[in-house]
$ cat start-v2.txt   # compact mmCIF, C-alpha atoms and all ligand atoms
# COMPACT_ATOMS: atom_id res chain seq x y z
CA MET W 1 12.65 1.06 -5.54
CA THR W 2 10.17 2.35 -8.09
CA LYS W 3 10.89 4.95 -10.76
CA ILE W 4 8.54 7.91 -10.93
CA ASP W 5 8.24 10.81 -13.36
CA VAL W 6 6.66 13.82 -11.77
CA THR W 7 6.50 17.50 -12.59
CA VAL W 8 6.86 19.70 -9.53
CA ASP W 9 6.46 23.46 -9.78
CA GLY W 10 6.99 23.24 -13.52
CA VAL W 11 10.18 21.15 -13.38
CA LYS W 12 10.28 17.50 -14.46
CA TYR W 13 11.87 14.99 -12.11
CA THR W 14 12.65 11.31 -12.62
CA ASP W 15 13.51 9.59 -9.37
CA ASP W 16 13.63 6.25 -7.65
CA VAL W 17 11.46 6.07 -4.56
CA GLU W 18 10.57 3.41 -2.04
CA PRO W 19 7.00 2.22 -2.60
CA ARG W 20 6.16 3.38 0.92
CA THR W 21 7.60 6.89 0.53
CA LEU W 22 5.00 9.56 1.18
CA LEU W 23 4.69 12.38 -1.32
CA VAL W 24 5.54 14.96 1.35
CA HIS W 25 8.77 13.14 2.18
CA TYR W 26 9.67 12.87 -1.50
CA LEU W 27 9.07 16.59 -1.94
CA ARG W 28 11.06 17.62 1.09
CA GLU W 29 13.84 15.08 1.27
CA GLN W 30 14.46 14.03 -2.31
CA ILE W 31 13.92 17.23 -4.24
CA GLY W 32 14.33 19.84 -1.50
CA LYS W 33 10.86 21.38 -1.55
CA VAL W 34 10.99 22.19 2.14
CA GLY W 35 8.36 24.91 1.81
CA THR W 36 5.87 22.08 2.18
CA VAL W 37 5.97 21.17 5.84
CA VAL W 38 4.96 18.30 8.11
CA GLY W 39 2.93 19.40 11.09
CA CYS W 40 1.51 16.13 12.37
CA ASP W 41 1.62 12.41 11.81
CA THR W 42 -2.11 11.95 11.81
CA SER W 43 -3.25 13.57 8.51
CA ASN W 44 -4.97 16.30 10.50
CA CYS W 45 -3.10 19.56 10.22
CA GLY W 46 -3.00 20.32 6.49
CA ALA W 47 0.47 21.90 6.69
CA CYS W 48 1.56 19.56 3.89
CA THR W 49 -1.17 20.63 1.43
CA VAL W 50 -0.16 20.73 -2.24
CA ASP W 51 -1.97 20.73 -5.56
CA LEU W 52 -1.90 17.36 -7.34
CA ASP W 53 -3.26 17.52 -10.90
CA GLY W 54 -5.58 20.34 -9.93
CA GLN W 55 -6.78 18.78 -6.68
CA SER W 56 -5.79 20.02 -3.26
CA VAL W 57 -4.33 17.11 -1.29
CA LYS W 58 -2.55 16.54 1.98
CA SER W 59 0.74 15.24 0.67
CA CYS W 60 1.25 13.09 3.77
CA THR W 61 -1.75 11.05 2.69
CA VAL W 62 -0.45 10.32 -0.82
CA LEU W 63 2.33 7.95 -1.78
CA ALA W 64 5.03 9.34 -4.03
CA VAL W 65 4.35 6.50 -6.48
CA GLN W 66 0.76 7.73 -6.78
CA ALA W 67 2.12 11.01 -8.15
CA ASP W 68 3.85 9.21 -11.02
CA GLY W 69 2.95 11.01 -14.25
CA SER W 70 1.33 13.88 -12.34
CA GLU W 71 1.84 17.58 -11.90
CA VAL W 72 2.37 18.88 -8.39
CA THR W 73 2.31 22.52 -7.38
CA THR W 74 3.71 23.46 -3.99
CA ILE W 75 3.82 26.78 -2.19
CA GLU W 76 7.20 27.29 -3.87
CA GLY W 77 5.59 27.23 -7.30
CA LEU W 78 2.90 29.85 -6.73
CA ALA W 79 4.85 32.98 -7.58
CA ASP W 80 5.14 33.81 -11.28
CA GLU W 81 8.34 33.70 -13.32
CA ASP W 82 9.18 37.27 -12.35
CA GLY W 83 8.85 36.47 -8.66
CA ASN W 84 5.50 38.22 -8.24
CA LEU W 85 3.58 36.57 -5.45
CA HIS W 86 0.31 34.76 -6.08
CA PRO W 87 -2.67 36.94 -5.04
CA MET W 88 -3.33 34.65 -2.10
CA GLN W 89 0.25 35.05 -0.89
CA THR W 90 -0.09 38.82 -1.22
CA ALA W 91 -3.36 38.75 0.68
CA PHE W 92 -1.82 36.75 3.54
CA HIS W 93 1.02 39.23 3.69
CA GLU W 94 -1.17 42.32 3.59
CA GLN W 95 -3.80 41.03 5.99
CA HIS W 96 -1.21 39.76 8.50
CA ALA W 97 -2.64 36.26 8.19
CA LEU W 98 0.22 34.50 9.89
CA GLN W 99 1.94 34.43 13.21
CA CYS W 100 4.56 31.67 13.50
CA GLY W 101 3.97 30.82 9.85
CA PHE W 102 4.09 27.08 10.27
CA CYS W 103 0.61 26.45 8.91
CA THR W 104 0.95 29.11 6.24
CA PRO W 105 2.19 27.10 3.23
CA GLY W 106 -0.61 24.58 3.55
CA MET W 107 -3.13 27.23 4.48
CA ILE W 108 -2.34 29.29 1.39
CA MET W 109 -2.58 26.21 -0.82
CA ALA W 110 -5.94 25.30 0.71
CA CYS W 111 -7.27 28.88 0.45
CA ARG W 112 -6.18 29.09 -3.17
CA ASP W 113 -8.08 25.88 -3.88
CA LEU W 114 -11.08 27.21 -2.00
CA LEU W 115 -11.29 30.33 -4.20
CA LYS W 116 -10.72 28.29 -7.33
CA ASN W 117 -13.85 26.31 -6.52
CA ASN W 118 -15.84 29.17 -5.00
CA PRO W 119 -14.61 32.61 -6.11
CA ASN W 120 -16.95 34.52 -3.81
CA PRO W 121 -17.27 32.53 -0.57
CA SER W 122 -19.13 33.68 2.51
CA GLU W 123 -17.27 33.79 5.83
CA GLU W 124 -18.96 30.52 6.80
CA GLU W 125 -17.86 28.92 3.54
CA ILE W 126 -14.30 30.11 4.10
CA ARG W 127 -14.24 28.70 7.61
CA ALA W 128 -15.70 25.42 6.38
CA GLY W 129 -13.26 25.34 3.47
CA ILE W 130 -10.21 25.55 5.72
CA GLU W 131 -11.50 23.07 8.28
CA GLY W 132 -8.80 20.60 7.29
CA ASN W 133 -6.02 23.08 8.02
CA LEU W 134 -5.08 23.81 11.61
CA CYS W 135 -3.43 27.01 12.80
CA ARG W 136 -1.93 26.43 16.22
CA CYS W 137 -1.53 30.18 16.65
CA THR W 138 -5.31 30.40 16.13
CA GLY W 139 -4.96 33.25 13.68
CA TYR W 140 -8.11 32.33 11.84
CA GLN W 141 -9.67 35.79 11.80
CA ASN W 142 -6.94 37.28 9.64
CA ILE W 143 -6.78 34.17 7.49
CA VAL W 144 -10.47 34.61 6.73
CA ARG W 145 -9.82 38.28 5.95
CA ALA W 146 -7.01 37.29 3.61
CA VAL W 147 -9.29 34.99 1.67
CA GLN W 148 -11.90 37.74 1.51
CA ALA W 149 -9.22 40.16 0.30
CA ALA W 150 -8.03 37.76 -2.36
CA ALA W 151 -11.65 37.41 -3.46
CA GLY W 152 -11.89 41.20 -3.65
CA ASN W 153 -14.28 41.41 -0.71
CA VAL W 154 -12.32 43.49 1.77
CA THR W 155 -12.93 47.19 1.38
CA THR W 156 -10.80 48.44 4.27
CA GLY W 157 -7.06 48.03 4.30
CA SER W 158 -5.24 46.97 1.19
CA GLY W 159 -7.55 45.01 -1.05
CA VAL W 160 -6.17 42.49 -3.45
CA SER W 161 -7.84 41.30 -6.59
CA ALA W 162 -7.95 37.57 -7.23
FE1 LIG J 1 -0.04 16.24 6.48
FE2 LIG J 1 -0.35 17.16 9.01
S1 LIG J 1 1.50 16.79 7.88
S2 LIG J 1 -1.88 16.68 7.51
FE1 LIG J 2 1.37 29.61 13.61
FE2 LIG J 2 -0.68 29.15 11.95
S1 LIG J 2 0.53 30.96 12.09
S2 LIG J 2 0.40 27.73 13.16
$ encode --input "start-v2.txt" --output "structure tokens"
Amino acid sequence: MTKIDVTVDGVKYTDDVEPRTLLVHYLREQIGKVGTVVGCDTSNCGACTVDLDGQSVKSCTVLAVQADGSEVTTIEGLADEDGNLHPMQTAFHEQHALQCGFCTPGMIMACRDLLKNNPNPSEEEIRAGIEGNLCRCTGYQNIVRAVQAAAGNVTTGSGVSA
């Protein structure tokens, strides 16, 4: 076992982990962050996407020990202290950007990262930016609209400012 210190969604944790434990399994099974989900075992689906020290990562491709000393933000840490949703969460809600919802936590994390790096993306850039996240319900059209809404680029329906 290896001891790690990691801050997750603003809370500090000190835990013993197996050297082979994946970050996603640490998050879900050791500290109960089940909002981050596992959708594949091939590093393809992006459902497990979290923010690690400001970088969007698939948490099934990172060992928990690699997060030692780091800050992790999951979908559960996006809302503010008063419970107000992050603008990307609001945009997904208002633009109906989910069906079964399984891909949604990772998709929102990836879309948030996309806008952080490119606040005014074209549709092509949005589609390219979420290439690593699969939606099995194929709801991509509304996901793209949600990103456009969060960027302030949807004029019909309920627009959301970023
Ligand atoms: Fe990590 Fe699918 S569970 S990419
Ligand atoms: Fe079902 Fe994307 S909403 S997998």
$ residues_around --input "start-v2.txt" --residues "Lys33 in chain W" --least-positions-apart "5" --cutoff "9 Å" --atoms "all atoms listed in the file" --output "NGL selection string"
:W and (24 or 26-28 or 74-76)
$ closest_residue --input "start-v2.txt" --among "W:Thr90, W:Gln30, W:Ser122, W:Gln55" --to "Ala110 in chain W" --atoms "only C-alpha atoms"
W:Gln55
$ residues_near_ligand --input "start-v2.txt" --ligand "ligand LIG 2 (chain J)" --cutoff "10 Å" --atoms "all atoms listed in the file" --output "list of chain:residue names"
W:Gly39, W:Cys45, W:Ala47, W:His96, W:Ala97, W:Leu98, W:Gln99, W:Cys100, W:Gly101, W:Phe102, W:Cys103, W:Thr104, W:Pro105, W:Gly106, W:Met107, W:Asn133, W:Leu134, W:Cys135, W:Arg136, W:Cys137, W:Thr138, W:Gly139, W:Tyr140, W:Ile143
$ atom_distance --input "start-v2.txt" --atom1 "CA of Ala64 in chain W" --atom2 "CA of Leu85 in chain W"
27.3 Å
$ closest_residue --input "start-v2.txt" --among "W:Ile108, W:Val8, W:Val38, W:Val144" --to "Val72 in chain W" --atoms "all atoms listed in the file"
W:Val8
$ residues_near_ligand --input "start-v2.txt" --ligand "ligand LIG 1 (chain J)" --cutoff "7 Å" --atoms "all atoms listed in the file" --output "mmCIF file with C-alpha atoms, in the coordinates of the input"
data_model
loop_
_atom_site.group_PDB
_atom_site.id
_atom_site.type_symbol
_atom_site.label_atom_id
_atom_site.label_comp_id
_atom_site.auth_asym_id
_atom_site.auth_seq_id
_atom_site.Cartn_x
_atom_site.Cartn_y
_atom_site.Cartn_z
ATOM 1 C CA VAL W 37 5.970 21.170 5.840
ATOM 2 C CA VAL W 38 4.960 18.300 8.110
ATOM 3 C CA GLY W 39 2.930 19.400 11.090
ATOM 4 C CA CYS W 40 1.510 16.130 12.370
ATOM 5 C CA ASP W 41 1.620 12.410 11.810
ATOM 6 C CA THR W 42 -2.110 11.950 11.810
ATOM 7 C CA SER W 43 -3.250 13.570 8.510
ATOM 8 C CA ASN W 44 -4.970 16.300 10.500
ATOM 9 C CA CYS W 45 -3.100 19.560 10.220
ATOM 10 C CA GLY W 46 -3.000 20.320 6.490
ATOM 11 C CA ALA W 47 0.470 21.900 6.690
ATOM 12 C CA CYS W 48 1.560 19.560 3.890
ATOM 13 C CA THR W 49 -1.170 20.630 1.430
ATOM 14 C CA LYS W 58 -2.550 16.540 1.980
ATOM 15 C CA SER W 59 0.740 15.240 0.670
ATOM 16 C CA CYS W 60 1.250 13.090 3.770
ATOM 17 C CA THR W 61 -1.750 11.050 2.690
#
$ residues_near_point --input "start-v2.txt" --point "(-9.1, 38.5, -4.3)" --cutoff "12 Å" --atoms "only C-alpha atoms" --output "PyMOL selection string"
chain W and resi 86-92+94-95+111-112+114-116+118-121+144-155+158-162
$ write_last_selection --input "start-v2.txt" --atoms "C-alpha atoms" --output "short mmCIF file (atom, residue, chain, number, x, y, z; two decimals), in the frame of the given file"
data_model
loop_
_atom_site.label_atom_id
_atom_site.label_comp_id
_atom_site.auth_asym_id
_atom_site.auth_seq_id
_atom_site.Cartn_x
_atom_site.Cartn_y
_atom_site.Cartn_z
CA HIS W 86 0.31 34.76 -6.08
CA PRO W 87 -2.67 36.94 -5.04
CA MET W 88 -3.33 34.65 -2.10
CA GLN W 89 0.25 35.05 -0.89
CA THR W 90 -0.09 38.82 -1.22
CA ALA W 91 -3.36 38.75 0.68
CA PHE W 92 -1.82 36.75 3.54
CA GLU W 94 -1.17 42.32 3.59
CA GLN W 95 -3.80 41.03 5.99
CA CYS W 111 -7.27 28.88 0.45
CA ARG W 112 -6.18 29.09 -3.17
CA LEU W 114 -11.08 27.21 -2.00
CA LEU W 115 -11.29 30.33 -4.20
CA LYS W 116 -10.72 28.29 -7.33
CA ASN W 118 -15.84 29.17 -5.00
CA PRO W 119 -14.61 32.61 -6.11
CA ASN W 120 -16.95 34.52 -3.81
CA PRO W 121 -17.27 32.53 -0.57
CA VAL W 144 -10.47 34.61 6.73
CA ARG W 145 -9.82 38.28 5.95
CA ALA W 146 -7.01 37.29 3.61
CA VAL W 147 -9.29 34.99 1.67
CA GLN W 148 -11.90 37.74 1.51
CA ALA W 149 -9.22 40.16 0.30
CA ALA W 150 -8.03 37.76 -2.36
CA ALA W 151 -11.65 37.41 -3.46
CA GLY W 152 -11.89 41.20 -3.65
CA ASN W 153 -14.28 41.41 -0.71
CA VAL W 154 -12.32 43.49 1.77
CA THR W 155 -12.93 47.19 1.38
CA SER W 158 -5.24 46.97 1.19
CA GLY W 159 -7.55 45.01 -1.05
CA VAL W 160 -6.17 42.49 -3.45
CA SER W 161 -7.84 41.30 -6.59
CA ALA W 162 -7.95 37.57 -7.23
#
$ closest_residue --input "start-v2.txt" --among "W:Val62, W:Met109, W:Ala67, W:Ile130" --to "Thr14 in chain W" --atoms "all atoms listed in the file"
W:Ala67
$ axis_aligned_box --input "start-v2.txt" --around "range 112-120 of chain W" --padding-each-side "8 Å" --output "lines of an AutoDock Vina configuration file"
center_x = -11.6
center_y = 30.2
center_z = -4.7
size_x = 26.8
size_y = 24.6
size_z = 21.3
$ atom_distance --input "start-v2.txt" --atom1 "CA of Glu71 in chain W" --atom2 "CA of Gly129 in chain W"
22.9 Å
$ atom_distance --input "start-v2.txt" --atom1 "CA of Val6 in chain W" --atom2 "CA of Ala79 in chain W"
19.7 Å
$ closest_residue --input "start-v2.txt" --among "W:Glu18, W:Asp113, W:Asp9, W:Glu124" --to "Thr73 in chain W" --atoms "all atoms listed in the file"
W:Asp9
$ closest_residue --input "start-v2.txt" --among "W:Val17, W:Val11, W:Ile126, W:Val50" --to "Val65 in chain W" --atoms "only C-alpha atoms"
W:Val17
$ closest_residue --input "start-v2.txt" --among "W:Asp15, W:Glu123, W:Asp51, W:Asp80" --to "Thr2 in chain W" --atoms "all atoms listed in the file"
W:Asp15
$ residues_around --input "start-v2.txt" --residues "Asp5 in chain W" --least-positions-apart "5" --cutoff "6 Å" --atoms "all atoms listed in the file" --output "NGL selection string"
:W and (13-14 or 68-69)
$ build_atoms --input "start-v2.txt" --residues "range 23-41 of chain W" --atoms "N, CA and C atoms" --output "JSON list (two decimals), in the frame of the given file"
[["chain", "number", "residue", "atom", "x", "y", "z"],
["W", 23, "LEU", "N", 4.41, 11.27, -0.41],
["W", 23, "LEU", "CA", 4.69, 12.38, -1.32],
["W", 23, "LEU", "C", 5.38, 13.52, -0.58],
["W", 24, "VAL", "N", 4.93, 13.84, 0.63],
["W", 24, "VAL", "CA", 5.54, 14.96, 1.35],
["W", 24, "VAL", "C", 7.02, 14.69, 1.62],
["W", 25, "HIS", "N", 7.36, 13.45, 1.91],
["W", 25, "HIS", "CA", 8.77, 13.14, 2.18],
["W", 25, "HIS", "C", 9.58, 13.18, 0.89],
["W", 26, "TYR", "N", 8.98, 12.74, -0.21],
["W", 26, "TYR", "CA", 9.67, 12.87, -1.50],
["W", 26, "TYR", "C", 9.95, 14.35, -1.79],
["W", 27, "LEU", "N", 8.92, 15.17, -1.63],
["W", 27, "LEU", "CA", 9.07, 16.59, -1.94],
["W", 27, "LEU", "C", 10.16, 17.23, -1.09],
["W", 28, "ARG", "N", 10.12, 16.95, 0.19],
["W", 28, "ARG", "CA", 11.06, 17.62, 1.09],
["W", 28, "ARG", "C", 12.47, 17.04, 1.02],
["W", 29, "GLU", "N", 12.53, 15.71, 1.06],
["W", 29, "GLU", "CA", 13.84, 15.08, 1.27],
["W", 29, "GLU", "C", 14.55, 14.71, -0.02],
["W", 30, "GLN", "N", 13.78, 14.42, -1.07],
["W", 30, "GLN", "CA", 14.46, 14.03, -2.31],
["W", 30, "GLN", "C", 14.66, 15.19, -3.26],
["W", 31, "ILE", "N", 13.73, 16.14, -3.28],
["W", 31, "ILE", "CA", 13.92, 17.23, -4.24],
["W", 31, "ILE", "C", 13.99, 18.60, -3.55],
["W", 32, "GLY", "N", 14.02, 18.60, -2.22],
["W", 32, "GLY", "CA", 14.33, 19.84, -1.50],
["W", 32, "GLY", "C", 13.23, 20.87, -1.43],
["W", 33, "LYS", "N", 11.99, 20.43, -1.63],
["W", 33, "LYS", "CA", 10.86, 21.38, -1.55],
["W", 33, "LYS", "C", 10.42, 21.51, -0.09],
["W", 34, "VAL", "N", 11.25, 22.14, 0.71],
["W", 34, "VAL", "CA", 10.99, 22.19, 2.14],
["W", 34, "VAL", "C", 9.96, 23.26, 2.52],
["W", 35, "GLY", "N", 9.46, 23.99, 1.53],
["W", 35, "GLY", "CA", 8.36, 24.91, 1.81],
["W", 35, "GLY", "C", 7.10, 24.17, 2.21],
["W", 36, "THR", "N", 6.99, 22.94, 1.78],
["W", 36, "THR", "CA", 5.87, 22.08, 2.18],
["W", 36, "THR", "C", 6.28, 21.40, 3.48],
["W", 37, "VAL", "N", 5.50, 21.60, 4.53],
["W", 37, "VAL", "CA", 5.97, 21.17, 5.84],
["W", 37, "VAL", "C", 5.11, 20.04, 6.40],
["W", 38, "VAL", "N", 5.65, 19.39, 7.41],
["W", 38, "VAL", "CA", 4.96, 18.30, 8.11],
["W", 38, "VAL", "C", 4.61, 18.80, 9.51],
["W", 39, "GLY", "N", 3.33, 18.87, 9.78],
["W", 39, "GLY", "CA", 2.93, 19.40, 11.09],
["W", 39, "GLY", "C", 2.33, 18.36, 12.01],
["W", 40, "CYS", "N", 2.12, 17.15, 11.52],
["W", 40, "CYS", "CA", 1.51, 16.13, 12.37],
["W", 40, "CYS", "C", 1.88, 14.77, 11.77],
["W", 41, "ASP", "N", 1.47, 13.72, 12.45],
["W", 41, "ASP", "CA", 1.62, 12.41, 11.81],
["W", 41, "ASP", "C", 0.28, 11.69, 11.80]]
